[in-house]
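> Have a look at this one.
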2 protein chains.
Amino acid sequence: MEACFHALISSLQPLKMLFNSVCIAGVGLIGGSFGLALRERGLAERVVGLARREETCQAALQMGAVDAATTNLAEAVRGAELILLAPPVGQIKPLCEQLAPLVHGGVIITDAGSTKAGVVRDGEALLGQKAMFVGGHPMAGSERTGVEQAKANLFEKAVWILTPTSDTPEVAVNRMVELIEALGAVPLIIDAALHDKLLAITSHLPHITAAALVHIFMQAQNETDFASQLIAGGWRDSTRVAAGSAEMWRDICLANAPAVARSVEDMIEQLEEFRDMLRDSDGARLNQWFESAAQVRNKHGYFPRS
Amino acid sequence: MEACFHALISSLQPLKMLFNSVCIAGVGLIGGSFGLALRERGLAERVVGLARREETCQAALQMGAVDAATTNLAEAVRGAELILLAPPVGQIKPLCEQLAPLVHGGVIITDAGSTKAGVVRDGEALLGQKAMFVGGHPMAGSERTGVEQAKANLFEKAVWILTPTSDTPEVAVNRMVELIEALGAVPLIIDAALHDKLLAITSHLPHITAAALVHIFMQAQNETDFASQLIAGGWRDSTRVAAGSAEMWRDICLANAPAVARSVEDMIEQLEEFRDMLRDSDGARLNQWFESAAQVRNKHGYFPRS
C-alpha cells in the first residue's frame, strides 16, 4: 500500500527541466539521440538542431529529435543555454571558430567528440573567454551513423566522460553532471590526455585492426572465390566496427595521432612476440598468452553473438 | 486444402536413417551438438559418445546428446559405421593411432578439426588402409566450449567443409555430403591446404588480434584504474573470441603454423602501412583505406551487437 502510494507520488512528480533552450550542432546518431532523450525526459523547454543539409533537418524533425531545425548557425544558437557540438571530430574546430562571435558568457558549450585533448585545447582557446567550454564524450555509438539510427535510450547506463581543465568553471561541470545523470548515463571525469591514451587502446586500435583484418581478407578474396564462404561468426564480430564511417575514423585517428600511433606500435610488438612463440613452437608460452587474455576478456562482459 | 494434405504427408514420412551406429569421439560443443542433431533428426539408430572423463559421459547422456557414453575407445567404436573425431585438434593424431588397430574397412572416419592439412595427412597415413578417412570442418562454434553448450541446431545453415584427397573413396565423400545436408548444413569441398590458408585469415588471425588487443588493454589496466571504465561495445565485439579455450587455440596455431605465421606477417604489414599514413597525416589515403574496408565489411553480413 505504502509502496503504491510512493509510486503514485513519484509518477506525479513533474520532470525536472534543466535547460530552457538547447542547441544540438550536428544531428547525427549522437546528436539525434541526445535530442530524443532530452525531449522524452522533459529536460529542455526547447531543442534546436543544426545540420549541414536541409534533408537532415527534416529527418530530425520527423524523428521528433528536435523542436526546430535549421542550417543556419546563428539562428540555431540564438538564446541557447547549452550547445552540444556533435559533428565529426574534424569539424569541431571550424565550428568553434564560427561560434566564437555568436556566444555569450552564460552559455555552456560541450562536445561529443571521440578524442579530447585537441578539442579541449581548441574549444578553450576559441570559446573559453566568451562561454563555458567543457569537453565531453558520451561512450555510446554504433558503426551505423545518421539521425535515422538515433534512439532515445542510447545513453542509458553508458559512461559519459567529461574532461574539464583547471580553467573550466565549476558551475558548468556541475550542470553537465546533473544533465548526464538525468539522461540515465554515468558521468566520469578524467584528464583529456589520459582519455585519449586509453581510447586509443579500447576504441581506436580495435577499429584499425578490424579494418586491417578486412584488407587481408580482400587480398585472399582476390586469389580465390572460396574466401567469402569461409567467413564465420568470429570474423564478423572481430570486424564489425570496420563497417563504420571512414570519414569519422580518419578524423579520429588524425586528431589522436600520437596515442593511436603508440597503440599501433604496441599491436605490432604483440604480433611479433606471437610470431616468435609460434616460430619456436613454444606451446607452453602460447597457452599462457591465450589463457591470460581469455581470463581478462571473460571479466569484461560476455556479449554472445546474435 | 491441398497444402494441408502435403504438409500432413510430409509430417508422416519416416525420417531417413543414414547410419546404424555412430561414434562421437569427444563430446564437447561440436561433438555434443552433432549427437543432439543426429538424434533429433533420426539420422542414426544409435549414437555412442567417447569422453576422457566420466563426468562428461554423464553430462552428454543427461543432455540427450548420445544413447550411450564411455571412456573406453574400443567399446565406443565397436560396430560404428561412422566415427566423428571431435577432440581438440592436437589430440586428433594420438586418437588416430589408438583407433588404427580397432577399425575395419567399412567404417567412415571424419573429423571436426579447425585445421586440415596435417589432420588429413595423419588420418590417411594411420587409418587410410583400414578405413575410409575424410577430413572435415563444420564451421560452427563459439568461444564457449563443453557439451553443456551443445545445441541441436548448431550446424543449421553452417558451412561444413570436407577436404577429400585423390585417395579418399568417393562413397565416403558422398555419404558425408548426404549426412551434412540431412543436418541442414551446407557441404563445401575444398583442398586442405587452401582451407588452412583461408582459415588462418578468416578465423585464426582474428583470434590472435583479439588476444593481442586484450594484452594491450592489460598493460593499460596496470597503469590506471580508468581503463576498464572506458571499454565500449566495439572493444567487446572485437575481443569476443579471445574468451575461447587457450588449449584449443594453441593447438590450432601450432597445427597451422606456416599459414598462421604468414597471416600475422600480413597483419604487421597492414599496421606498418597504417602507421606510415598516420605519420604523413595522409587524410586522403586513410579515408580510402577505411572506406574500402567498410564497403567490403558491409557486404558480409551486419551482425548488430546485442
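Residues are referred to by chain and number: the chain letter is A, B, ... according to the order shown in the C-alpha cells, the number counts from 1 in that chain, and ligands are numbered separately from 1 in the order shown.
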Return chain A as a short mmCIF file (atom, residue, chain, number, x, y, z; two decimals) with C-alpha atoms, in the first residue's frame, after superposing it on chain B by a least-squares fit that covers all C-alpha atoms paired in order.

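What ended up in result_35.cif:
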data_model
loop_
_atom_site.label_atom_id
_atom_site.label_comp_id
_atom_site.auth_asym_id
_atom_site.auth_seq_id
_atom_site.Cartn_x
_atom_site.Cartn_y
_atom_site.Cartn_z
CA MET A 1 -6.28 -28.00 -49.54
CA GLU A 2 -3.62 -29.57 -51.73
CA ALA A 3 -0.94 -27.76 -49.75
CA CYS A 4 -2.38 -29.15 -46.50
CA PHE A 5 -2.37 -32.63 -47.98
CA HIS A 6 1.28 -32.30 -49.01
CA ALA A 7 2.21 -31.03 -45.56
CA LEU A 8 0.40 -33.99 -43.98
CA ILE A 9 2.17 -36.50 -46.21
CA SER A 10 5.48 -34.80 -45.56
CA SER A 11 4.98 -34.91 -41.78
CA LEU A 12 4.11 -38.59 -42.00
CA GLN A 13 7.21 -39.51 -43.99
CA PRO A 14 9.59 -41.55 -41.85
CA LEU A 15 12.89 -39.80 -41.09
CA LYS A 16 15.74 -41.18 -43.14
CA MET A 17 18.09 -43.24 -41.02
CA LEU A 18 21.56 -42.81 -42.51
CA PHE A 19 23.73 -44.82 -40.12
CA ASN A 20 23.10 -47.66 -37.71
CA SER A 21 25.75 -46.77 -35.18
CA VAL A 22 27.72 -43.55 -34.90
CA CYS A 23 30.61 -42.94 -32.50
CA ILE A 24 31.44 -39.39 -31.43
CA ALA A 25 34.98 -39.30 -30.06
CA GLY A 26 35.01 -36.13 -27.98
CA VAL A 27 31.62 -34.90 -26.81
CA GLY A 28 32.28 -31.19 -26.32
CA LEU A 29 30.40 -28.34 -27.97
CA ILE A 30 30.79 -29.75 -31.50
CA GLY A 31 30.54 -33.47 -30.67
CA GLY A 32 27.62 -32.92 -28.31
CA SER A 33 25.74 -30.78 -30.82
CA PHE A 34 26.37 -33.43 -33.49
CA GLY A 35 24.84 -36.09 -31.21
CA LEU A 36 21.83 -33.92 -30.37
CA ALA A 37 21.23 -33.20 -34.07
CA LEU A 38 21.61 -36.85 -35.14
CA ARG A 39 19.16 -37.98 -32.47
CA GLU A 40 16.65 -35.18 -32.99
CA ARG A 41 16.63 -35.79 -36.73
CA GLY A 42 16.60 -39.58 -36.40
CA LEU A 43 19.69 -39.95 -38.58
CA ALA A 44 21.32 -42.72 -36.55
CA GLU A 45 19.96 -45.80 -34.81
CA ARG A 46 22.46 -45.44 -32.00
CA VAL A 47 24.90 -42.70 -30.97
CA VAL A 48 27.80 -43.58 -28.67
CA GLY A 49 29.94 -40.90 -27.07
CA LEU A 50 33.58 -41.20 -26.04
CA ALA A 51 34.97 -38.82 -23.42
CA ARG A 52 38.16 -38.62 -21.41
CA ARG A 53 36.30 -38.01 -18.17
CA GLU A 54 33.39 -39.91 -16.63
CA GLU A 55 31.65 -36.61 -15.74
CA THR A 56 31.56 -35.67 -19.42
CA CYS A 57 29.97 -39.04 -20.22
CA GLN A 58 27.27 -38.34 -17.65
CA ALA A 59 26.72 -34.79 -18.88
CA ALA A 60 26.39 -35.98 -22.50
CA LEU A 61 23.86 -38.62 -21.45
CA GLN A 62 21.87 -36.13 -19.39
CA MET A 63 21.82 -33.65 -22.29
CA GLY A 64 20.45 -36.40 -24.53
CA ALA A 65 23.43 -35.96 -26.86
CA VAL A 66 24.19 -39.71 -26.92
CA ASP A 67 22.45 -43.06 -26.33
CA ALA A 68 25.48 -44.38 -24.49
CA ALA A 69 28.79 -42.93 -23.33
CA THR A 70 32.09 -44.47 -22.29
CA THR A 71 35.69 -43.56 -21.56
CA ASN A 72 36.85 -46.73 -23.36
CA LEU A 73 37.78 -46.26 -27.01
CA ALA A 74 37.41 -49.91 -28.10
CA GLU A 75 33.94 -50.04 -26.56
CA ALA A 76 32.96 -46.71 -28.11
CA VAL A 77 33.83 -47.67 -31.70
CA ARG A 78 32.53 -51.25 -31.62
CA GLY A 79 30.09 -51.67 -34.51
CA ALA A 80 30.33 -48.01 -35.56
CA GLU A 81 29.64 -47.19 -39.21
CA LEU A 82 30.72 -43.58 -38.75
CA ILE A 83 33.22 -42.13 -36.31
CA LEU A 84 33.48 -38.37 -35.78
CA LEU A 85 36.75 -37.26 -34.21
CA ALA A 86 35.96 -34.09 -32.28
CA PRO A 87 38.67 -33.61 -29.63
CA PRO A 88 40.97 -30.54 -29.58
CA VAL A 89 43.00 -30.52 -32.83
CA GLY A 90 46.22 -31.52 -31.06
CA GLN A 91 44.65 -34.78 -29.89
CA ILE A 92 43.43 -36.00 -33.28
CA LYS A 93 46.72 -37.66 -34.25
CA PRO A 94 47.10 -39.69 -31.00
CA LEU A 95 43.44 -40.68 -31.34
CA CYS A 96 44.05 -41.94 -34.90
CA GLU A 97 46.99 -43.99 -33.64
CA GLN A 98 44.80 -45.60 -30.99
CA LEU A 99 41.99 -46.16 -33.51
CA ALA A 100 44.15 -47.89 -36.13
CA PRO A 101 44.07 -51.40 -34.60
CA LEU A 102 40.34 -51.13 -33.79
CA VAL A 103 38.71 -50.27 -37.14
CA HIS A 104 37.73 -52.14 -40.28
CA GLY A 105 37.25 -51.34 -43.97
CA GLY A 106 33.61 -50.31 -43.93
CA VAL A 107 33.79 -47.54 -41.39
CA ILE A 108 33.87 -43.86 -42.36
CA ILE A 109 36.06 -41.73 -40.13
CA THR A 110 35.80 -37.98 -40.28
CA ASP A 111 36.88 -35.17 -37.99
CA ALA A 112 35.82 -31.70 -36.89
CA GLY A 113 39.27 -30.17 -36.61
CA SER A 114 39.75 -26.45 -37.33
CA THR A 115 42.88 -27.17 -39.37
CA LYS A 116 42.98 -29.73 -42.12
CA ALA A 117 46.24 -30.43 -44.00
CA GLY A 118 48.03 -32.06 -41.06
CA VAL A 119 44.94 -33.88 -39.84
CA VAL A 120 44.23 -35.32 -43.29
CA ARG A 121 47.87 -36.39 -43.71
CA ASP A 122 47.81 -38.13 -40.32
CA GLY A 123 44.30 -39.57 -40.78
CA GLU A 124 45.12 -41.05 -44.18
CA ALA A 125 48.49 -42.39 -43.10
CA LEU A 126 47.20 -44.00 -39.92
CA LEU A 127 43.69 -45.05 -40.97
CA GLY A 128 43.49 -44.82 -44.77
CA GLN A 129 44.40 -48.49 -45.33
CA LYS A 130 41.92 -49.78 -42.76
CA ALA A 131 38.99 -47.41 -43.07
CA MET A 132 37.68 -44.51 -45.15
CA PHE A 133 39.05 -41.22 -43.84
CA VAL A 134 37.45 -37.89 -44.90
CA GLY A 135 38.72 -34.65 -43.37
CA GLY A 136 35.98 -32.29 -42.25
CA HIS A 137 35.37 -28.96 -40.53
CA PRO A 138 31.90 -27.83 -39.51
CA MET A 139 32.14 -24.02 -39.42
CA ALA A 140 30.15 -23.64 -36.24
CA GLY A 141 31.28 -22.99 -32.75
CA SER A 142 31.58 -20.43 -30.09
CA GLU A 143 34.08 -19.09 -27.61
CA ARG A 144 32.12 -21.20 -25.12
CA THR A 145 33.10 -24.85 -25.01
CA GLY A 146 31.89 -28.07 -23.42
CA VAL A 147 28.93 -30.36 -23.93
CA GLU A 148 26.79 -28.11 -21.72
CA GLN A 149 26.85 -25.52 -24.53
CA ALA A 150 25.76 -28.06 -27.18
CA LYS A 151 22.72 -27.23 -29.31
CA ALA A 152 20.81 -29.45 -31.74
CA ASN A 153 20.62 -26.61 -34.27
CA LEU A 154 24.30 -25.59 -34.13
CA PHE A 155 24.97 -26.76 -37.70
CA GLU A 156 21.81 -25.48 -39.35
CA LYS A 157 22.79 -23.30 -42.34
CA ALA A 158 26.44 -23.55 -41.29
CA VAL A 159 29.08 -24.38 -43.90
CA TRP A 160 30.49 -27.88 -43.27
CA ILE A 161 33.75 -28.29 -45.11
CA LEU A 162 35.05 -31.60 -46.46
CA THR A 163 38.65 -31.95 -47.67
CA PRO A 164 38.86 -35.24 -49.57
CA THR A 165 42.07 -36.12 -51.42
CA SER A 166 42.59 -38.25 -54.52
CA ASP A 167 42.86 -41.23 -52.14
CA THR A 168 39.48 -40.67 -50.46
CA PRO A 169 36.83 -43.24 -51.52
CA GLU A 170 34.00 -41.47 -53.34
CA VAL A 171 31.38 -43.41 -51.42
CA ALA A 172 32.63 -41.92 -48.15
CA VAL A 173 32.44 -38.38 -49.53
CA ASN A 174 28.94 -38.97 -50.89
CA ARG A 175 27.66 -40.35 -47.59
CA MET A 176 29.19 -37.41 -45.72
CA VAL A 177 27.53 -34.94 -48.10
CA GLU A 178 24.21 -36.70 -47.57
CA LEU A 179 24.67 -36.54 -43.79
CA ILE A 180 25.67 -32.87 -43.80
CA GLU A 181 22.60 -31.95 -45.87
CA ALA A 182 20.39 -34.05 -43.58
CA LEU A 183 21.75 -31.98 -40.65
CA GLY A 184 20.60 -28.79 -42.39
CA ALA A 185 24.19 -27.70 -43.02
CA VAL A 186 25.85 -26.70 -46.29
CA PRO A 187 28.58 -29.06 -47.55
CA LEU A 188 31.61 -27.41 -49.18
CA ILE A 189 34.42 -29.43 -50.74
CA ILE A 190 37.78 -27.68 -50.76
CA ASP A 191 41.47 -28.53 -50.82
CA ALA A 192 42.92 -28.98 -47.32
CA ALA A 193 45.85 -26.60 -47.84
CA LEU A 194 43.60 -23.87 -49.26
CA HIS A 195 41.25 -24.37 -46.31
CA ASP A 196 44.13 -23.84 -43.89
CA LYS A 197 45.38 -20.75 -45.72
CA LEU A 198 41.91 -19.16 -45.76
CA LEU A 199 41.00 -20.10 -42.20
CA ALA A 200 44.25 -18.55 -41.00
CA ILE A 201 42.85 -15.30 -42.42
CA THR A 202 39.14 -15.60 -41.54
CA SER A 203 39.45 -17.32 -38.16
CA HIS A 204 42.92 -17.80 -36.67
CA LEU A 205 44.26 -14.28 -37.26
CA PRO A 206 41.11 -12.61 -35.83
CA HIS A 207 41.61 -14.74 -32.73
CA ILE A 208 45.25 -13.72 -32.39
CA THR A 209 44.49 -10.01 -32.87
CA ALA A 210 41.67 -10.29 -30.30
CA ALA A 211 44.06 -11.79 -27.75
CA ALA A 212 46.69 -9.16 -28.62
CA LEU A 213 44.11 -6.37 -28.06
CA VAL A 214 43.41 -7.84 -24.62
CA HIS A 215 47.14 -7.96 -23.80
CA ILE A 216 47.53 -4.29 -24.74
CA PHE A 217 44.50 -3.48 -22.59
CA MET A 218 46.11 -5.39 -19.70
CA GLN A 219 49.20 -3.17 -19.93
CA ALA A 220 46.94 -0.08 -19.71
CA GLN A 221 45.08 -1.62 -16.78
CA ASN A 222 48.38 -1.98 -14.93
CA GLU A 223 48.93 1.76 -15.33
CA THR A 224 45.49 3.11 -14.43
CA ASP A 225 42.21 1.99 -12.92
CA PHE A 226 40.36 4.07 -15.52
CA ALA A 227 41.09 1.57 -18.30
CA SER A 228 38.24 -0.82 -17.60
CA GLN A 229 35.76 2.06 -17.34
CA LEU A 230 36.62 3.13 -20.85
CA ILE A 231 35.67 -0.14 -22.56
CA ALA A 232 32.89 0.23 -25.11
CA GLY A 233 30.91 -2.11 -27.33
CA GLY A 234 33.51 -2.03 -30.10
CA TRP A 235 36.22 -3.48 -27.87
CA ARG A 236 33.86 -6.15 -26.56
CA ASP A 237 32.98 -7.31 -30.07
CA SER A 238 36.52 -7.13 -31.37
CA THR A 239 37.84 -9.22 -28.49
CA ARG A 240 34.93 -11.65 -27.98
CA VAL A 241 36.73 -14.66 -29.47
CA ALA A 242 39.69 -14.11 -27.12
CA ALA A 243 37.52 -15.61 -24.36
CA GLY A 244 37.85 -19.01 -26.04
CA SER A 245 39.81 -22.04 -24.89
CA ALA A 246 43.56 -21.36 -24.74
CA GLU A 247 44.38 -25.03 -25.28
CA MET A 248 42.24 -25.19 -28.41
CA TRP A 249 43.77 -22.06 -29.93
CA ARG A 250 47.33 -23.06 -29.05
CA ASP A 251 46.73 -26.35 -30.88
CA ILE A 252 45.15 -24.65 -33.89
CA CYS A 253 48.04 -22.19 -34.24
CA LEU A 254 50.66 -24.92 -33.88
CA ALA A 255 48.83 -27.20 -36.33
CA ASN A 256 48.53 -24.42 -38.91
CA ALA A 257 51.79 -22.64 -38.06
CA PRO A 258 53.01 -21.72 -41.58
CA ALA A 259 49.69 -20.21 -42.73
CA VAL A 260 49.12 -18.53 -39.36
CA ALA A 261 52.63 -17.04 -39.44
CA ARG A 262 51.94 -15.64 -42.94
CA SER A 263 48.65 -14.09 -41.82
CA VAL A 264 50.40 -12.49 -38.82
CA GLU A 265 53.01 -11.05 -41.22
CA ASP A 266 50.18 -9.71 -43.39
CA MET A 267 48.73 -8.02 -40.31
CA ILE A 268 52.05 -6.47 -39.34
CA GLU A 269 52.37 -5.15 -42.91
CA GLN A 270 48.89 -3.61 -42.80
CA LEU A 271 49.66 -1.94 -39.48
CA GLU A 272 52.98 -0.60 -40.76
CA GLU A 273 51.20 0.82 -43.79
CA PHE A 274 48.63 2.43 -41.48
CA ARG A 275 51.38 3.86 -39.27
CA ASP A 276 53.01 5.44 -42.31
CA MET A 277 49.73 7.02 -43.49
CA LEU A 278 49.23 8.41 -39.99
CA ARG A 279 52.82 9.70 -39.73
CA ASP A 280 52.32 11.51 -43.06
CA SER A 281 48.90 12.85 -41.88
CA ASP A 282 47.65 11.50 -45.20
CA GLY A 283 43.91 12.07 -44.73
CA ALA A 284 43.00 11.04 -48.27
CA ARG A 285 44.75 7.66 -48.03
CA LEU A 286 43.43 7.03 -44.51
CA ASN A 287 39.92 7.76 -45.72
CA GLN A 288 40.31 5.42 -48.69
CA TRP A 289 41.74 2.67 -46.49
CA PHE A 290 38.85 2.87 -44.01
CA GLU A 291 36.29 3.30 -46.80
CA SER A 292 37.26 0.23 -48.82
CA ALA A 293 37.25 -1.87 -45.64
CA ALA A 294 33.81 -0.53 -44.67
CA GLN A 295 32.39 -1.35 -48.09
CA VAL A 296 33.63 -4.95 -48.05
CA ARG A 297 32.64 -5.46 -44.42
CA ASN A 298 29.12 -4.21 -45.13
CA LYS A 299 28.74 -6.83 -47.87
CA HIS A 300 29.36 -9.65 -45.43
CA GLY A 301 26.51 -9.43 -43.03
CA TYR A 302 25.50 -6.94 -40.40
CA PHE A 303 25.56 -8.46 -36.94
CA PRO A 304 24.43 -5.79 -34.52
CA ARG A 305 25.92 -6.06 -31.08
CA SER A 306 23.52 -7.33 -28.49
#
> Enumerate the residues of stretch 88-293 of chain A with a DSSP assignment of strand (DSSP E or B), computed from the backbone, and present them as a list in words.
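The strand (DSSP E or B) residues within stretch 88-293 of chain A come out as Ile108, Ile109, Thr110, Asp111, Met132, Phe133, Val134, Gly136, His137, Pro138, Val159, Trp160, Ile161, Leu162, Val186, Pro187, Leu188 and Ile189 of chain A.
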> Let's see if you can do this: from backbone DSSP, list all helix (DSSP H, G or I) residues in stretch 200-306 of chain A, as a PyMOL selection string.
chain A and resi 200-223+227-230+233-243+246-255+257-279+283-299
